[in-house]
Each structure stands twice: as C-alpha cells, then as structure tokens.
Amino acid sequence: MKTENIDLVIFFTGGILFALIINQLLLSFSQTLGIRNRNDVVIRWSSQSKPSLGGISMFAVFIFAVLAFAILYIDLDLFANTKFLGLLLAASLAFAVGLADDAYDTKPLIKLGAQIACGAVLVYSGTVIDLFHIDALDAVLTVVWVVVIMNSLNMLDNMDGITATTSLFILMACMFSYFIFNGF
C-alpha cells in the first residue's frame, strides 16, 4: 500500500475515533442542552424528546481533520488554497444555519437562502460540477446540487444516527473509489 494511502486510512480511522469520543461527550451533556420540543404535545417522529447535537460532533470532526491535515502537511499551505477556503466557509455556514435551526426552528426561506449561499461560495471559490463545460450552467448545477444534498441530509436527520451513518458510508465509498482509480 502506498504511503499516501496509509495516511488516508489513518485520517479516516482517526476521524471515526474522534467522532465516537465527541459523541459520547455531547450525549452526556444532552440531558440539558440541545433538546427541542421538550414540552410540546405534538409528536412527529418519536414520543421522546431527542438531543439536537449530532451536527456539532460532525463539524468538530471536520475541523479536527482539517487542522490535523494542515499540521501534518504544512508544506501544502492548505489555507492558501482558494477552493479549500471556499469549502471551509461553506461548511461553516451550513453548520451555523443547522445549529440555528436546531435551536430556533429557522424559517424555510432563511434555510434555503443559506443553502444557496453555500453553493454560491463553492462556485465563487472555483469548486463546480463541470458537467456542461458552460460556466453559467455548471454554476447553477452546483448550487442546485448543494441545496438538494443539504435538504436530503436534513430530511434524514429525523431519525437518530441515520445522517451520520449515511455520511460515513458515502465517505467510505469515496475512499474506496479513490483507491480503485488511483491504486492501492
């Protein structure tokens, strides 16, 4: 196995272990923090109040991975890469809006505006789905894709653990595809 592939496996494993630790810590605090609908009589998906802290651990793992990568590969100067900074800004905006939604039940138009802004940040930073090879169409496709993916994950978020599990399998599929196309 190539050295860079071993590094990827170590990052992946470290991220999973860090996520498990963060989740355990947050679940211990979730008895008093991050619980919505504690006194509501309306039952949507469950008869119990559920903690709304899963996004915090996912974002913490993302930031941990970014910092670890930036420290280990300091010669790449990660924070000078415009595409990476766009991804970091879009992920931070998505996290902030998700956290606000968990805490305050944000209005749908505000969430949609933030999702469009996340896609626009990616397009502005040069990260686009280059399908049509026409800048305007590729930009629109990228923004629509971001909105669709964010809403899909938000819909899955009604069941405990399903978003994290789905994201884990998506990342595993991406990593496996990378190894197939680039060799072990």
# chains A, B, ... in the order shown; residues from 1 in each chain; ligands from 1
$ select_by_dssp --residues "chain A" --states "helix (DSSP H, G or I)" --output "VMD selection string"
chain A and resid 3 to 29 54 to 72 74 to 76 78 to 80 82 to 104 108 to 124 135 to 156 162 to 182
$ residues_around --residues "range 72-85 of chain A" --least-positions-apart "4" --cutoff "7 Å" --atoms "only C-alpha atoms" --output "PyMOL selection string"
chain A and resi 68+89+125-127
$ residues_around --residues "range 176-179 of chain A" --least-positions-apart "3" --cutoff "12 Å" --atoms "only C-alpha atoms" --output "PDB file with all heavy atoms, in the first residue's frame"
ATOM      1  N   MET A   1       0.851  -1.175   0.000  1.00  0.00           N
ATOM      2  CA  MET A   1       0.000   0.000   0.000  1.00  0.00           C
ATOM      3  C   MET A   1       0.897   1.239   0.000  1.00  0.00           C
ATOM      4  O   MET A   1       1.882   1.300   0.722  1.00  0.00           O
ATOM      5  CB  MET A   1      -0.912  -0.021   1.227  1.00  0.00           C
ATOM      6  CG  MET A   1      -2.025   0.994   1.174  1.00  0.00           C
ATOM      7  SD  MET A   1      -3.109   0.929   2.625  1.00  0.00           S
ATOM      8  CE  MET A   1      -4.523   0.168   1.917  1.00  0.00           C
ATOM      9  N   LYS A   2       0.542   2.251  -0.812  1.00  0.00           N
ATOM     10  CA  LYS A   2       1.312   3.480  -0.905  1.00  0.00           C
ATOM     11  C   LYS A   2       1.259   4.253   0.405  1.00  0.00           C
ATOM     12  O   LYS A   2       0.291   4.162   1.162  1.00  0.00           O
ATOM     13  CB  LYS A   2       0.769   4.358  -2.024  1.00  0.00           C
ATOM     14  CG  LYS A   2       0.887   3.761  -3.401  1.00  0.00           C
ATOM     15  CD  LYS A   2       0.269   4.704  -4.401  1.00  0.00           C
ATOM     16  CE  LYS A   2       0.203   4.114  -5.781  1.00  0.00           C
ATOM     17  NZ  LYS A   2      -0.504   4.981  -6.712  1.00  0.00           N
ATOM     18  N   GLU A   4       0.836   7.506   0.905  1.00  0.00           N
ATOM     19  CA  GLU A   4      -0.271   8.464   0.985  1.00  0.00           C
ATOM     20  C   GLU A   4      -1.603   7.755   1.257  1.00  0.00           C
ATOM     21  O   GLU A   4      -2.494   8.310   1.890  1.00  0.00           O
ATOM     22  CB  GLU A   4      -0.361   9.352  -0.256  1.00  0.00           C
ATOM     23  CG  GLU A   4      -0.611   8.621  -1.550  1.00  0.00           C
ATOM     24  CD  GLU A   4       0.653   8.275  -2.321  1.00  0.00           C
ATOM     25  OE1 GLU A   4       1.759   8.486  -1.816  1.00  0.00           O
ATOM     26  OE2 GLU A   4       0.512   7.752  -3.432  1.00  0.00           O
ATOM     27  N   ASN A   5      -1.751   6.524   0.781  1.00  0.00           N
ATOM     28  CA  ASN A   5      -2.961   5.761   1.066  1.00  0.00           C
ATOM     29  C   ASN A   5      -3.023   5.358   2.530  1.00  0.00           C
ATOM     30  O   ASN A   5      -4.095   5.352   3.136  1.00  0.00           O
ATOM     31  CB  ASN A   5      -3.056   4.532   0.173  1.00  0.00           C
ATOM     32  CG  ASN A   5      -3.301   4.901  -1.279  1.00  0.00           C
ATOM     33  OD1 ASN A   5      -3.655   6.041  -1.596  1.00  0.00           O
ATOM     34  ND2 ASN A   5      -3.109   3.956  -2.165  1.00  0.00           N
ATOM     35  N   ILE A   6      -1.882   5.023   3.101  1.00  0.00           N
ATOM     36  CA  ILE A   6      -1.837   4.698   4.534  1.00  0.00           C
ATOM     37  C   ILE A   6      -2.229   5.934   5.336  1.00  0.00           C
ATOM     38  O   ILE A   6      -2.982   5.832   6.310  1.00  0.00           O
ATOM     39  CB  ILE A   6      -0.435   4.185   4.929  1.00  0.00           C
ATOM     40  CG1 ILE A   6      -0.181   2.824   4.264  1.00  0.00           C
ATOM     41  CG2 ILE A   6      -0.294   4.085   6.440  1.00  0.00           C
ATOM     42  CD1 ILE A   6       1.234   2.321   4.402  1.00  0.00           C
ATOM     43  N   LEU A   8      -4.241   8.300   4.372  1.00  0.00           N
ATOM     44  CA  LEU A   8      -5.694   8.465   4.250  1.00  0.00           C
ATOM     45  C   LEU A   8      -6.445   7.521   5.187  1.00  0.00           C
ATOM     46  O   LEU A   8      -7.424   7.915   5.824  1.00  0.00           O
ATOM     47  CB  LEU A   8      -6.141   8.229   2.807  1.00  0.00           C
ATOM     48  CG  LEU A   8      -5.743   9.287   1.796  1.00  0.00           C
ATOM     49  CD1 LEU A   8      -6.125   8.843   0.388  1.00  0.00           C
ATOM     50  CD2 LEU A   8      -6.366  10.623   2.122  1.00  0.00           C
ATOM     51  N   VAL A   9      -5.995   6.297   5.273  1.00  0.00           N
ATOM     52  CA  VAL A   9      -6.632   5.328   6.168  1.00  0.00           C
ATOM     53  C   VAL A   9      -6.476   5.771   7.621  1.00  0.00           C
ATOM     54  O   VAL A   9      -7.417   5.682   8.415  1.00  0.00           O
ATOM     55  CB  VAL A   9      -6.060   3.908   5.943  1.00  0.00           C
ATOM     56  CG1 VAL A   9      -6.543   2.943   7.000  1.00  0.00           C
ATOM     57  CG2 VAL A   9      -6.438   3.409   4.554  1.00  0.00           C
ATOM     58  N   PHE A  12      -8.865   8.641   8.207  1.00  0.00           N
ATOM     59  CA  PHE A  12     -10.235   8.127   8.261  1.00  0.00           C
ATOM     60  C   PHE A  12     -10.507   7.460   9.612  1.00  0.00           C
ATOM     61  O   PHE A  12     -11.501   7.741  10.274  1.00  0.00           O
ATOM     62  CB  PHE A  12     -10.454   7.142   7.106  1.00  0.00           C
ATOM     63  CG  PHE A  12     -11.862   6.662   6.976  1.00  0.00           C
ATOM     64  CD1 PHE A  12     -12.835   7.491   6.451  1.00  0.00           C
ATOM     65  CD2 PHE A  12     -12.218   5.380   7.365  1.00  0.00           C
ATOM     66  CE1 PHE A  12     -14.141   7.049   6.315  1.00  0.00           C
ATOM     67  CE2 PHE A  12     -13.518   4.936   7.234  1.00  0.00           C
ATOM     68  CZ  PHE A  12     -14.482   5.767   6.707  1.00  0.00           C
ATOM     69  N   PHE A 169     -20.978   6.031   5.206  1.00  0.00           N
ATOM     70  CA  PHE A 169     -20.939   5.138   4.048  1.00  0.00           C
ATOM     71  C   PHE A 169     -20.619   5.894   2.757  1.00  0.00           C
ATOM     72  O   PHE A 169     -19.955   5.353   1.866  1.00  0.00           O
ATOM     73  CB  PHE A 169     -22.235   4.339   3.930  1.00  0.00           C
ATOM     74  CG  PHE A 169     -22.279   3.180   4.884  1.00  0.00           C
ATOM     75  CD1 PHE A 169     -23.041   3.247   6.035  1.00  0.00           C
ATOM     76  CD2 PHE A 169     -21.516   2.045   4.653  1.00  0.00           C
ATOM     77  CE1 PHE A 169     -23.065   2.189   6.934  1.00  0.00           C
ATOM     78  CE2 PHE A 169     -21.525   0.985   5.541  1.00  0.00           C
ATOM     79  CZ  PHE A 169     -22.301   1.054   6.688  1.00  0.00           C
ATOM     80  N   ILE A 170     -21.053   7.138   2.648  1.00  0.00           N
ATOM     81  CA  ILE A 170     -20.690   7.949   1.485  1.00  0.00           C
ATOM     82  C   ILE A 170     -19.186   8.178   1.469  1.00  0.00           C
ATOM     83  O   ILE A 170     -18.524   8.029   0.437  1.00  0.00           O
ATOM     84  CB  ILE A 170     -21.457   9.291   1.483  1.00  0.00           C
ATOM     85  CG1 ILE A 170     -22.938   9.047   1.183  1.00  0.00           C
ATOM     86  CG2 ILE A 170     -20.859  10.272   0.479  1.00  0.00           C
ATOM     87  CD1 ILE A 170     -23.826  10.259   1.407  1.00  0.00           C
ATOM     88  N   LEU A 171     -18.619   8.524   2.622  1.00  0.00           N
ATOM     89  CA  LEU A 171     -17.170   8.741   2.704  1.00  0.00           C
ATOM     90  C   LEU A 171     -16.397   7.457   2.426  1.00  0.00           C
ATOM     91  O   LEU A 171     -15.352   7.485   1.761  1.00  0.00           O
ATOM     92  CB  LEU A 171     -16.801   9.301   4.077  1.00  0.00           C
ATOM     93  CG  LEU A 171     -17.214  10.742   4.324  1.00  0.00           C
ATOM     94  CD1 LEU A 171     -16.950  11.126   5.777  1.00  0.00           C
ATOM     95  CD2 LEU A 171     -16.501  11.679   3.377  1.00  0.00           C
ATOM     96  N   MET A 172     -16.899   6.341   2.921  1.00  0.00           N
ATOM     97  CA  MET A 172     -16.232   5.063   2.663  1.00  0.00           C
ATOM     98  C   MET A 172     -16.266   4.740   1.163  1.00  0.00           C
ATOM     99  O   MET A 172     -15.275   4.259   0.608  1.00  0.00           O
ATOM    100  CB  MET A 172     -16.885   3.944   3.476  1.00  0.00           C
ATOM    101  CG  MET A 172     -16.551   4.013   4.946  1.00  0.00           C
ATOM    102  SD  MET A 172     -17.472   2.865   5.998  1.00  0.00           S
ATOM    103  CE  MET A 172     -17.143   1.295   5.255  1.00  0.00           C
ATOM    104  N   ALA A 173     -17.388   5.012   0.511  1.00  0.00           N
ATOM    105  CA  ALA A 173     -17.496   4.763  -0.926  1.00  0.00           C
ATOM    106  C   ALA A 173     -16.543   5.678  -1.697  1.00  0.00           C
ATOM    107  O   ALA A 173     -15.890   5.238  -2.656  1.00  0.00           O
ATOM    108  CB  ALA A 173     -18.929   4.981  -1.398  1.00  0.00           C
ATOM    109  N   ASN A 182      -6.881   5.225  -8.216  1.00  0.00           N
ATOM    110  CA  ASN A 182      -5.505   5.679  -8.031  1.00  0.00           C
ATOM    111  C   ASN A 182      -4.564   4.587  -7.581  1.00  0.00           C
ATOM    112  O   ASN A 182      -3.384   4.828  -7.365  1.00  0.00           O
ATOM    113  CB  ASN A 182      -5.451   6.838  -7.036  1.00  0.00           C
ATOM    114  CG  ASN A 182      -6.162   8.060  -7.569  1.00  0.00           C
ATOM    115  OD1 ASN A 182      -5.852   8.521  -8.661  1.00  0.00           O
ATOM    116  ND2 ASN A 182      -7.146   8.547  -6.828  1.00  0.00           N
ATOM    117  N   GLY A 183      -5.070   3.409  -7.394  1.00  0.00           N
ATOM    118  CA  GLY A 183      -4.239   2.280  -6.973  1.00  0.00           C
ATOM    119  C   GLY A 183      -3.977   2.267  -5.484  1.00  0.00           C
ATOM    120  O   GLY A 183      -3.992   3.297  -4.837  1.00  0.00           O
ATOM    121  N   PHE A 184      -3.792   1.071  -4.959  1.00  0.00           N
ATOM    122  CA  PHE A 184      -3.508   0.939  -3.536  1.00  0.00           C
ATOM    123  C   PHE A 184      -2.038   1.206  -3.349  1.00  0.00           C
ATOM    124  O   PHE A 184      -1.458   1.450  -2.455  1.00  0.00           O
ATOM    125  CB  PHE A 184      -3.880  -0.459  -3.021  1.00  0.00           C
ATOM    126  CG  PHE A 184      -5.363  -0.637  -2.856  1.00  0.00           C
ATOM    127  CD1 PHE A 184      -6.139  -1.153  -3.865  1.00  0.00           C
ATOM    128  CD2 PHE A 184      -5.964  -0.263  -1.670  1.00  0.00           C
ATOM    129  CE1 PHE A 184      -7.497  -1.315  -3.706  1.00  0.00           C
ATOM    130  CE2 PHE A 184      -7.327  -0.429  -1.500  1.00  0.00           C
ATOM    131  CZ  PHE A 184      -8.095  -0.952  -2.522  1.00  0.00           C
TER     132      PHE A 184
END
$ residues_around --residues "Leu122 in chain A" --least-positions-apart "5" --cutoff "7 Å" --atoms "only C-alpha atoms" --output "NGL selection string"
:A and (86-87 or 90 or 127-128)
$ write_last_selection --atoms "C-alpha atoms" --output "short mmCIF file (atom, residue, chain, number, x, y, z; two decimals), in the first residue's frame"
data_model
loop_
_atom_site.label_atom_id
_atom_site.label_comp_id
_atom_site.auth_asym_id
_atom_site.auth_seq_id
_atom_site.Cartn_x
_atom_site.Cartn_y
_atom_site.Cartn_z
CA GLY A 86 -14.49 28.02 -0.09
CA LEU A 87 -15.25 24.53 1.21
CA ALA A 90 -19.49 26.80 3.00
CA THR A 127 -15.45 24.40 -6.90
CA VAL A 128 -18.06 23.49 -9.51
#
$ atom_distance --atom1 "CA of Val61 in chain A" --atom2 "CA of Leu17 in chain A"
9.4 Å
$ residues_around --residues "Lys111 in chain A" --least-positions-apart "6" --cutoff "12 Å" --atoms "only C-alpha atoms" --output "list in words"
Leu93, Ala94, Phe95, Ala96, Val97, Gly98, Leu99, Ala100, Asp101, Asp102, Tyr104, Asp105, Ala117, Cys118, Val147, Met150, Asn151 and Asn154 of chain A
